[in-house]
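Engineer: Pasting coords_15.cif here (mmCIF, C-alpha atoms):
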data_protein
#
loop_
_atom_site.label_atom_id
_atom_site.label_comp_id
_atom_site.auth_asym_id
_atom_site.auth_seq_id
_atom_site.Cartn_x
_atom_site.Cartn_y
_atom_site.Cartn_z
CA MET A 1 94.83 176.60 93.71
CA SER A 2 95.03 172.89 94.26
CA ASP A 3 98.32 171.08 93.62
CA ILE A 4 96.34 168.17 92.25
CA ILE A 5 94.54 168.13 88.98
CA GLU A 6 91.88 165.56 88.47
CA MET A 7 90.87 164.41 85.05
CA GLN A 8 88.80 161.76 83.39
CA ILE A 9 89.77 159.96 80.24
CA LEU A 10 86.85 158.74 78.24
CA THR A 11 87.20 155.38 76.62
CA ASP A 12 84.91 153.04 74.80
CA ASP A 13 84.53 151.08 77.99
CA ASN A 14 84.70 152.65 81.39
CA PRO A 15 86.07 156.15 81.91
CA ILE A 16 89.45 156.27 83.71
CA ASP A 17 89.83 158.71 86.57
CA MET A 18 93.31 160.12 87.17
CA ALA A 19 94.80 162.38 89.79
CA VAL A 20 98.16 164.02 89.10
CA ASP A 21 100.30 165.84 91.61
CA PHE A 22 102.22 168.80 90.18
CA ASP A 23 104.66 168.95 93.09
CA GLY A 24 106.58 166.11 91.59
CA GLU A 25 105.22 163.50 93.97
CA PHE A 26 103.33 160.69 92.35
CA LEU A 27 100.12 160.35 94.29
CA SER A 28 97.62 157.89 93.05
CA GLY A 29 98.28 158.17 89.37
CA VAL A 30 95.24 156.53 88.04
CA THR A 31 92.25 156.32 90.28
CA GLY A 32 89.41 153.89 90.01
CA GLY A 33 91.79 150.95 90.43
CA GLU A 34 93.46 151.18 87.04
CA TYR A 35 96.91 151.82 88.47
CA GLU A 36 96.58 148.97 90.90
CA ARG A 37 95.33 146.68 88.19
CA GLY A 38 98.21 147.70 85.97
CA TYR A 39 100.69 147.10 88.77
CA ASP A 40 99.19 143.70 89.46
CA ASP A 41 99.23 142.83 85.78
CA GLY A 42 102.89 143.79 85.57
CA THR A 43 103.74 141.77 88.63
CA GLN A 44 101.87 138.79 87.28
CA LYS A 45 103.65 139.14 83.95
CA ALA A 46 107.01 139.19 85.66
CA TYR A 47 106.01 136.11 87.69
CA ASN A 48 104.84 134.30 84.56
CA ASP A 49 107.87 135.30 82.52
CA PHE A 50 110.25 134.06 85.21
CA TRP A 51 108.59 130.76 86.05
CA ASP A 52 107.65 130.00 82.41
CA THR A 53 111.34 130.26 81.62
CA TYR A 54 112.64 128.58 84.79
CA GLN A 55 110.21 125.72 84.56
CA HIS A 56 110.24 125.40 80.76
CA ASN A 57 106.53 126.19 80.62
CA GLY A 58 105.90 123.32 82.99
CA GLU A 59 107.94 120.78 81.01
CA ARG A 60 111.12 120.91 83.10
CA THR A 61 112.21 117.52 84.43
CA SER A 62 115.76 118.15 85.59
CA TYR A 63 115.62 120.08 88.82
CA ALA A 64 119.18 119.22 89.81
CA TYR A 65 120.33 122.00 92.15
CA ALA A 66 117.41 124.15 90.91
CA PHE A 67 116.96 125.78 94.32
CA TYR A 68 120.48 125.27 95.60
CA GLY A 69 121.84 127.59 98.24
CA ASP A 70 120.32 130.10 100.59
CA ASN A 71 118.98 132.28 97.79
CA TRP A 72 115.27 131.59 98.02
CA ASN A 73 112.68 132.38 100.65
CA ASP A 74 109.01 131.68 101.29
CA THR A 75 108.00 134.53 98.97
CA THR A 76 110.35 133.95 96.07
CA PHE A 77 109.98 130.17 96.12
CA ASN A 78 106.57 130.00 94.54
CA PRO A 79 106.71 127.82 91.41
CA LYS A 80 103.99 128.33 88.86
CA TYR A 81 103.85 124.71 87.71
CA LYS A 82 103.71 121.51 89.70
CA MET A 83 107.19 120.07 89.61
CA GLN A 84 107.77 116.46 88.48
CA PRO A 85 111.51 116.04 88.65
CA VAL A 86 113.26 113.10 87.08
CA ASN A 87 116.60 114.36 88.31
CA ALA A 88 116.33 115.93 91.76
CA ASN A 89 119.96 115.74 92.86
CA GLY A 90 120.66 118.66 95.19
CA MET A 91 117.30 120.21 94.36
CA PHE A 92 116.89 121.96 97.71
CA ASP A 93 120.45 121.62 98.97
CA GLY A 94 121.17 124.51 101.34
CA CYS A 95 117.81 126.17 100.68
CA LYS A 96 117.48 127.13 104.35
CA SER A 97 115.19 130.14 104.15
CA VAL A 98 112.32 128.32 102.52
CA THR A 99 110.43 127.14 105.58
CA LYS A 100 106.92 126.60 104.28
CA PRO A 101 105.58 123.09 103.72
CA LEU A 102 106.66 121.36 100.54
CA THR A 103 103.31 119.92 99.54
CA ASN A 104 102.39 117.43 96.86
CA ASP A 105 100.51 120.20 95.09
CA MET A 106 103.95 121.67 94.45
CA VAL A 107 106.06 118.63 93.72
CA ASP A 108 105.61 114.99 92.74
CA PHE A 109 108.67 112.75 92.99
CA SER A 110 107.06 109.65 91.50
CA LEU A 111 109.14 109.92 88.30
CA CYS A 112 112.37 110.74 90.09
CA ASN A 113 115.37 108.45 89.69
CA SER A 114 117.97 110.46 91.62
CA PHE A 115 117.86 111.48 95.26
CA TYR A 116 121.39 112.59 96.06
CA GLN A 117 121.40 115.55 98.54
CA VAL A 118 117.84 116.48 97.56
CA PHE A 119 116.77 117.92 100.91
CA ARG A 120 120.17 118.49 102.54
CA ASP A 121 120.04 121.62 104.71
CA PHE A 122 116.54 122.36 103.43
CA GLY A 123 114.55 124.70 105.68
CA SER A 124 111.02 123.44 105.05
CA ARG A 125 109.42 122.24 108.26
CA GLU A 126 107.12 119.79 106.54
CA LEU A 127 107.68 117.55 103.55
CA GLY A 128 104.81 115.79 101.79
CA VAL A 129 104.84 112.32 100.29
CA ILE A 130 108.18 111.46 98.68
CA ASP A 131 107.70 108.65 96.22
CA THR A 132 111.06 107.00 95.55
CA ARG A 133 109.86 103.91 93.73
CA LYS A 134 111.82 104.82 90.58
CA TYR A 135 115.09 105.01 92.48
CA VAL A 136 117.68 102.25 92.57
CA GLY A 137 120.67 103.93 94.24
CA VAL A 138 121.98 104.91 97.65
CA TYR A 139 120.15 107.67 99.49
CA SER A 140 123.34 109.62 100.20
CA TYR A 141 122.81 112.85 102.11
CA THR A 142 119.18 112.87 100.93
CA PHE A 143 117.79 114.43 104.11
CA SER A 144 121.05 115.32 105.83
CA LYS A 145 120.59 118.24 108.24
CA CYS A 146 117.19 119.11 106.81
CA LEU A 147 115.03 121.05 109.26
CA ALA A 148 111.81 119.15 108.69
CA GLU A 149 109.71 118.26 111.70
CA LYS A 150 107.44 116.10 109.61
CA ILE A 151 108.01 113.89 106.59
CA GLU A 152 104.56 112.70 105.67
CA LYS A 153 105.70 109.54 103.93
CA ILE A 154 108.62 108.07 102.05
CA ILE A 155 107.48 105.43 99.60
CA LEU A 156 110.16 102.81 99.05
CA PRO A 157 110.44 100.27 96.28
CA ASP A 158 108.24 97.29 97.11
CA MET A 159 111.27 95.13 97.70
CA VAL A 160 114.39 97.14 98.21
CA SER A 161 116.94 96.00 95.64
CA LYS A 162 120.44 95.07 96.58
CA ASN A 163 121.85 98.47 95.73
CA THR A 164 119.04 100.52 97.15
CA LYS A 165 119.88 101.50 100.68
CA PHE A 166 120.03 104.22 103.21
CA ASN A 167 123.43 104.97 104.63
CA ASN A 168 124.75 106.90 107.60
CA THR A 169 124.32 110.19 105.77
CA THR A 170 120.71 109.79 104.69
CA PHE A 171 119.22 111.23 107.87
CA ASP A 172 122.40 112.56 109.45
CA GLY A 173 121.78 115.64 111.58
CA VAL A 174 118.00 115.57 111.12
CA ARG A 175 117.50 116.95 114.60
CA ASN A 176 113.99 118.39 114.40
CA LEU A 177 112.24 115.35 113.02
CA ILE A 178 109.22 114.27 115.03
CA TYR A 179 107.09 112.45 112.48
CA ILE A 180 108.01 110.18 109.60
CA ARG A 181 106.35 107.27 107.89
CA PHE A 182 107.66 104.69 105.46
CA GLU A 183 105.65 102.71 102.96
CA GLY A 184 107.46 99.63 101.72
CA ILE A 185 110.28 97.59 103.14
CA ILE A 186 113.47 98.89 104.67
CA GLY A 187 115.90 96.31 103.38
CA LYS A 188 119.25 97.65 104.49
CA GLY A 189 120.55 99.62 107.45
CA ILE A 190 118.91 102.82 108.60
CA SER A 191 120.14 105.39 111.07
CA LEU A 192 118.22 108.26 112.63
CA ALA A 193 120.88 108.70 115.29
CA SER A 194 120.36 112.46 115.47
CA SER A 195 116.56 112.44 115.62
CA THR A 196 116.04 112.47 119.38
CA LYS A 197 112.56 114.04 119.07
CA LEU A 198 111.14 111.25 116.96
CA ASP A 199 107.73 110.19 118.24
CA SER A 200 106.79 106.64 119.11
CA GLY A 201 104.46 106.15 116.16
CA SER A 202 107.30 106.97 113.81
CA ALA A 203 109.75 104.68 115.56
CA GLU A 204 107.20 101.88 115.52
CA ASN A 205 106.63 102.42 111.79
CA ILE A 206 110.36 102.18 111.11
CA LEU A 207 110.71 98.94 113.04
CA LEU A 208 107.63 97.38 111.49
CA SER A 209 109.03 98.29 108.05
CA LEU A 210 112.30 96.40 108.57
CA ASN A 211 112.74 93.39 106.37
CA ASP A 212 112.59 90.14 108.30
CA TYR A 213 116.00 88.47 108.04
CA LYS A 214 115.37 85.93 110.77
CA GLY A 215 117.05 82.67 109.85
CA THR A 216 118.49 83.96 106.57
CA SER A 217 122.11 84.38 105.46
CA GLU A 218 121.74 88.14 105.97
CA GLU A 219 120.69 87.81 109.61
CA TYR A 220 122.43 90.51 111.68
CA SER A 221 124.04 92.08 108.61
CA TYR A 222 122.23 95.39 109.05
CA THR A 223 121.67 97.88 111.83
CA VAL A 224 118.79 100.10 112.82
CA THR A 225 120.05 103.05 114.84
CA LEU A 226 117.78 105.18 116.99
CA PRO A 227 118.65 107.40 119.97
CA ASN A 228 118.17 105.87 123.42
CA ALA A 229 115.48 108.45 124.13
CA VAL A 230 113.43 107.20 121.19
CA TRP A 231 113.75 103.56 122.23
CA GLU A 232 112.74 104.44 125.77
CA ARG A 233 109.77 106.52 124.64
CA LEU A 234 108.62 103.79 122.28
CA ASN A 235 108.96 101.06 124.91
CA ALA A 236 106.98 103.16 127.38
CA GLU A 237 104.18 104.14 125.01
CA ILE A 238 103.63 101.18 122.69
CA PRO A 239 103.92 97.57 123.83
CA SER A 240 106.43 95.55 121.84
CA PRO A 241 105.10 92.49 120.03
CA VAL A 242 108.25 90.66 121.15
CA GLY A 243 109.55 90.36 124.68
CA ASP A 244 109.64 93.45 126.80
CA SER A 245 111.20 95.88 124.33
CA TRP A 246 111.27 96.96 120.73
CA GLN A 247 114.98 96.26 120.66
CA ALA A 248 114.03 92.62 121.17
CA TYR A 249 111.58 92.97 118.29
CA ALA A 250 114.35 94.22 115.96
CA VAL A 251 116.75 91.57 117.18
CA ASN A 252 114.13 88.90 116.56
CA LYS A 253 113.90 90.11 112.97
CA GLY A 254 117.62 89.63 112.56
CA TRP A 255 118.67 93.27 112.95
CA ASN A 256 121.40 94.87 115.00
CA THR A 257 120.44 97.92 117.03
CA MET B 1 108.93 85.64 124.17
CA VAL B 2 111.33 85.70 127.09
CA VAL B 3 114.36 87.99 126.87
CA THR B 4 117.34 87.26 129.10
CA TYR B 5 120.82 88.64 129.40
CA GLU B 6 124.15 87.20 130.48
CA ASP B 7 127.13 89.31 131.46
CA LEU B 8 130.16 88.53 129.35
CA THR B 9 133.32 88.43 131.40
CA PRO B 10 135.94 89.03 130.44
CA THR B 11 134.64 91.48 127.87
CA LEU B 12 135.82 91.09 124.28
CA ILE B 13 136.47 94.82 123.87
CA PRO B 14 138.58 96.69 126.43
CA ASN B 15 136.84 99.43 128.44
CA THR B 16 133.37 98.19 127.60
CA THR B 17 130.70 96.15 129.28
CA MET B 18 129.23 93.35 127.21
CA GLN B 19 126.23 91.12 127.55
CA LYS B 20 124.77 88.27 125.56
CA MET B 21 121.08 88.64 124.79
CA TYR B 22 118.88 85.58 124.51
CA LEU B 23 115.39 85.26 123.06
CA ASP B 24 113.59 82.25 124.47
CA GLY B 25 116.94 80.90 125.57
CA VAL B 26 118.57 81.24 122.15
CA PHE B 27 121.65 83.45 121.97
CA LYS B 28 120.96 86.22 119.43
CA VAL B 29 123.15 89.31 119.89
CA TYR B 30 125.95 90.88 121.89
CA ARG B 31 125.20 94.18 123.62
CA ILE B 32 128.18 96.52 123.97
CA THR B 33 128.30 99.63 126.14
CA ALA B 34 131.34 101.81 126.75
CA ASN B 35 132.39 102.10 130.37
CA GLU B 36 132.02 105.35 132.33
CA GLY B 37 134.30 108.00 130.85
CA TYR B 38 134.60 106.18 127.52
CA VAL B 39 132.72 106.32 124.25
CA LEU B 40 132.26 103.50 121.78
CA HIS B 41 133.34 103.77 118.18
CA ASP B 42 131.02 101.99 115.75
CA SER B 43 131.52 102.47 112.03
CA GLU B 44 127.75 102.68 111.72
CA TYR B 45 128.20 106.28 112.86
CA ASP B 46 131.07 107.15 110.50
CA ILE B 47 130.30 109.63 107.77
CA TYR B 48 132.19 109.57 104.47
CA PRO B 49 132.36 112.54 102.12
CA GLU B 50 131.18 110.37 99.22
CA TYR B 51 129.66 106.97 98.58
CA ASP B 52 129.88 104.75 95.55
CA GLU B 53 126.92 103.11 93.86
CA GLU B 54 127.18 100.17 96.22
CA GLY B 55 127.00 102.45 99.22
CA ASN B 56 130.65 102.06 100.17
CA GLY B 57 132.28 105.12 101.67
CA ILE B 58 134.97 106.94 99.70
CA GLY B 59 137.63 109.10 101.26
CA GLU B 60 138.51 109.79 104.85
CA PRO B 61 135.54 109.35 107.19
CA VAL B 62 134.56 111.56 110.07
CA LEU B 63 134.49 109.03 112.90
CA GLY B 64 131.39 108.77 115.03
CA TYR B 65 131.15 107.64 118.65
CA THR B 66 128.34 106.91 121.04
CA GLN B 67 127.53 106.54 124.70
CA MET B 68 124.61 104.33 123.79
CA THR B 69 124.43 100.54 123.80
CA ARG B 70 125.06 98.85 120.47
CA THR B 71 124.36 95.31 119.41
CA CYS B 72 125.88 92.92 116.93
CA GLY B 73 124.75 89.45 115.98
CA TYR B 74 125.81 86.18 117.60
CA ASN B 75 127.72 85.54 114.38
CA TYR B 76 129.75 88.75 114.54
CA ASP B 77 133.45 88.19 113.77
CA PHE B 78 135.25 90.00 116.58
CA ALA B 79 138.64 89.06 115.12
CA ALA B 80 137.91 90.89 111.88
CA ASN B 81 135.73 93.45 113.70
CA PRO B 82 134.21 94.99 110.56
CA ARG B 83 132.26 97.59 112.51
CA GLU B 84 135.49 98.63 114.22
CA PHE B 85 134.17 98.49 117.75
CA TYR B 86 136.58 100.02 120.24
CA ALA B 87 136.28 102.29 123.23
CA VAL B 88 138.27 105.48 123.71
CA PRO B 89 138.28 108.03 126.52
CA GLU B 90 135.54 110.55 125.92
CA SER B 91 138.06 113.35 126.45
CA GLU B 92 140.06 112.20 123.41
CA VAL B 93 137.36 112.70 120.79
CA PRO B 94 135.55 115.85 119.63
CA THR B 95 132.29 116.44 121.47
CA ASP B 96 130.48 116.97 118.19
CA SER B 97 131.32 113.45 117.06
CA ILE B 98 129.54 111.77 120.00
CA TYR B 99 125.96 110.62 119.51
CA SER B 100 123.79 110.63 122.59
CA ASP B 101 120.33 111.72 123.64
CA THR B 102 121.61 115.20 124.42
CA ASN B 103 124.08 115.48 121.59
CA SER B 104 122.98 114.81 118.05
CA PRO B 105 125.84 115.80 115.79
CA GLU B 106 125.63 116.93 112.25
CA ILE B 107 129.17 115.98 111.51
CA MET B 108 129.42 116.84 107.84
#
Show how you would write the structure in this file as structure tokens.
Structural biologist:
Amino acid sequence: MSDIIEMQILTDDNPIDMAVDFDGEFLSGVTGGEYERGYDDGTQKAYNDFWDTYQHNGERTSYAYAFYGDNWNDTTFNPKYKMQPVNANGMFDGCKSVTKPLTNDMVDFSLCNSFYQVFRDFGSRELGVIDTRKYVGVYSYTFSKCLAEKIEKIILPDMVSKNTKFNNTTFDGVRNLIYIRFEGIIGKGISLASSTKLDSGSAENILLSLNDYKGTSEEYSYTVTLPNAVWERLNAEIPSPVGDSWQAYAVNKGWNT
Amino acid sequence: MVVTYEDLTPTLIPNTTMQKMYLDGVFKVYRITANEGYVLHDSEYDIYPEYDEEGNGIGEPVLGYTQMTRTCGYNYDFAANPREFYAVPESEVPTDSIYSDTNSPEIM
């Protein structure tokens, strides 16, 4: 006698085939895909219930420390709704195990007015466009020690206001960074002292984005800091518009290096 | 544009080598490099635990040093020395506070 009994439940729609194991082991339960569909439905419901709550049915705007700490990974970090944070302070601070790209299908920073520690220690290897035009503060620890190799673009306010500035912490310890682009004007000091892998196109973009202080009262008030290796690579690969080096280009714009 | 350099002797900062950099004959910046065995402190590398809304550091900074050449403008006030340029023996500072091409600290 078989240990498995097969049965068919007749419904108004399609009949449901079941197979039940009498040895106490659950075999396939419901055949014909019903069990699998039920499992998937349950999983989807759990996903929806969690993210509907966590993201306020897509209306959440404060994502301050929302993914703080090393508690998320590439599977669990899978928001249902596109995020549009107004407050992003510490949003991904310490979120090391999320390594997948943070795309603009997932998050849009164009409404964000707070960028303190947003990507500090964040594990994502690639960050999409980060629109900071609503921000008027200091970018303290914004990218500090983040593991990104690529930051597609940081959009700055058209003219950086007096209080809007990078500081020594903004890109501190960003060791893996190879590619970055800025849109807008870098008005105050900027340091990528730890980013020895930065490619020449990125370094060129940074220098071209520096505000021109030549002949103004703020001449030589600010410093652009890049590793020697980056200067040397840039000078070897892209001719400087000024003199024989890009350091001369920065100096001619009234910047310290 | 023609770039020229002039050695500055005596140097304005002990245990460093300094040059004046000219663009088309016009003096623009000083270049400062720590001598062999020394590293240069520049407050541009210091990291504070917090910053106020103006970007000023709050609290006790972790000091940063470099083996790389730094520049400051022709108008830099060496008497006040706001960037706190000074050279110290490399052996007297923590290795993880020295910025170079082979050492990129994450000091906070």
Engineer: Could you tell me which residues the PyMOL selection byres ((chain A and resi 142-148) around 10) returns for this structure, as a ChimeraX atom specification?
Structural biologist: /A:89-90,92-96,99-102,114-127,138-141,149-151,166-180,194 /B:105-108
Engineer: The PyMOL selection byres ((chain B) within 9 of (chain A)) on the file shown: which residues, as a PyMOL selection string?
Structural biologist: chain B and resi 1-3+21+23+28-29+31+44-48+50-56+68-76+99-108
Engineer: Go ahead and compute the interatomic distance for atom CA of Asp212 of chain A and atom CA of Trp246 of chain A, in Å to one decimal.
Structural biologist: 14.2 Å
Engineer: Using only C-alpha atoms for the distances, tell me which of B:Gln19, B:Thr95, B:Thr66, B:Thr4 is nearest to Ala34 of chain B.
Structural biologist: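 Closest residue, counting only C-alpha atoms: B:Thr66.
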Engineer: By how many Å are atom CA of Asn205 of chain A and atom CA of Ser240 of chain A apart?
Structural biologist: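 Straight-line distance from atom CA of Asn205 of chain A to atom CA of Ser240 of chain A works out to 12.2 Å.
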Engineer: Within 8 Å of (136.0, 105.8, 128.7), in the coordinates the file gives, what residues turn up when you count all atoms listed in the file, written out as a PyMOL selection string?
Structural biologist: chain B and resi 15+34-39+87-90
Engineer: Report as AutoDock Vina command-line options the centre and the edge lengths, in Å to one decimal, of the axis-aligned box holding every listed atom of segment 55-60 of chain B, padded by 8 Å on each side.
Structural biologist:
--center_x 132.8 --center_y 105.9 --center_z 102.0 --size_x 27.5 --size_y 23.7 --size_z 21.6
Engineer: Between atom CA of Leu8 of chain B and atom CA of Lys20 of chain B, measure the distance and give it in Å to one decimal.
Structural biologist: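 Separating atom CA of Leu8 of chain B from atom CA of Lys20 of chain B is a distance of 6.6 Å.
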Engineer: Could you list, as a compact mmCIF listing (two decimals) with C-alpha atoms, in the coordinates of the input, every residue matched by the PyMOL selection byres ((chain B and resi 7) around 9) in this structure?
Structural biologist:
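This went into part10.txt:
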# COMPACT_ATOMS: atom_id res chain seq x y z
CA TYR B 5 120.82 88.64 129.40
CA GLU B 6 124.15 87.20 130.48
CA LEU B 8 130.16 88.53 129.35
CA THR B 9 133.32 88.43 131.40
CA PRO B 10 135.94 89.03 130.44
CA THR B 11 134.64 91.48 127.87
CA THR B 17 130.70 96.15 129.28
CA MET B 18 129.23 93.35 127.21
CA GLN B 19 126.23 91.12 127.55
CA LYS B 20 124.77 88.27 125.56
Engineer: Any idea what's packed within 9 Å of Thr132 of chain A, counting all atoms listed in the file, ignoring anything in its chain fewer than 4 positions away? Could you give it as a count of residues only?
Structural biologist: 12
Engineer: Near Thr103 of chain A, within 10 Å and counting all atoms listed in the file, which residues show up once chain neighbours fewer than 3 positions away are dropped, as JSON, numbers by chain?
Structural biologist: {"A": [82, 100, 106, 107, 108, 126, 127, 128, 129, 130, 152]}
Engineer: Can you pull out the residues contacting Asn211 of chain A? Cut-off 10 Å, using only C-alpha atoms, and skip same-chain residues under 5 positions away; I want them as a PyMOL selection string.
Structural biologist: chain A and resi 159-160+184-188+250+253-255
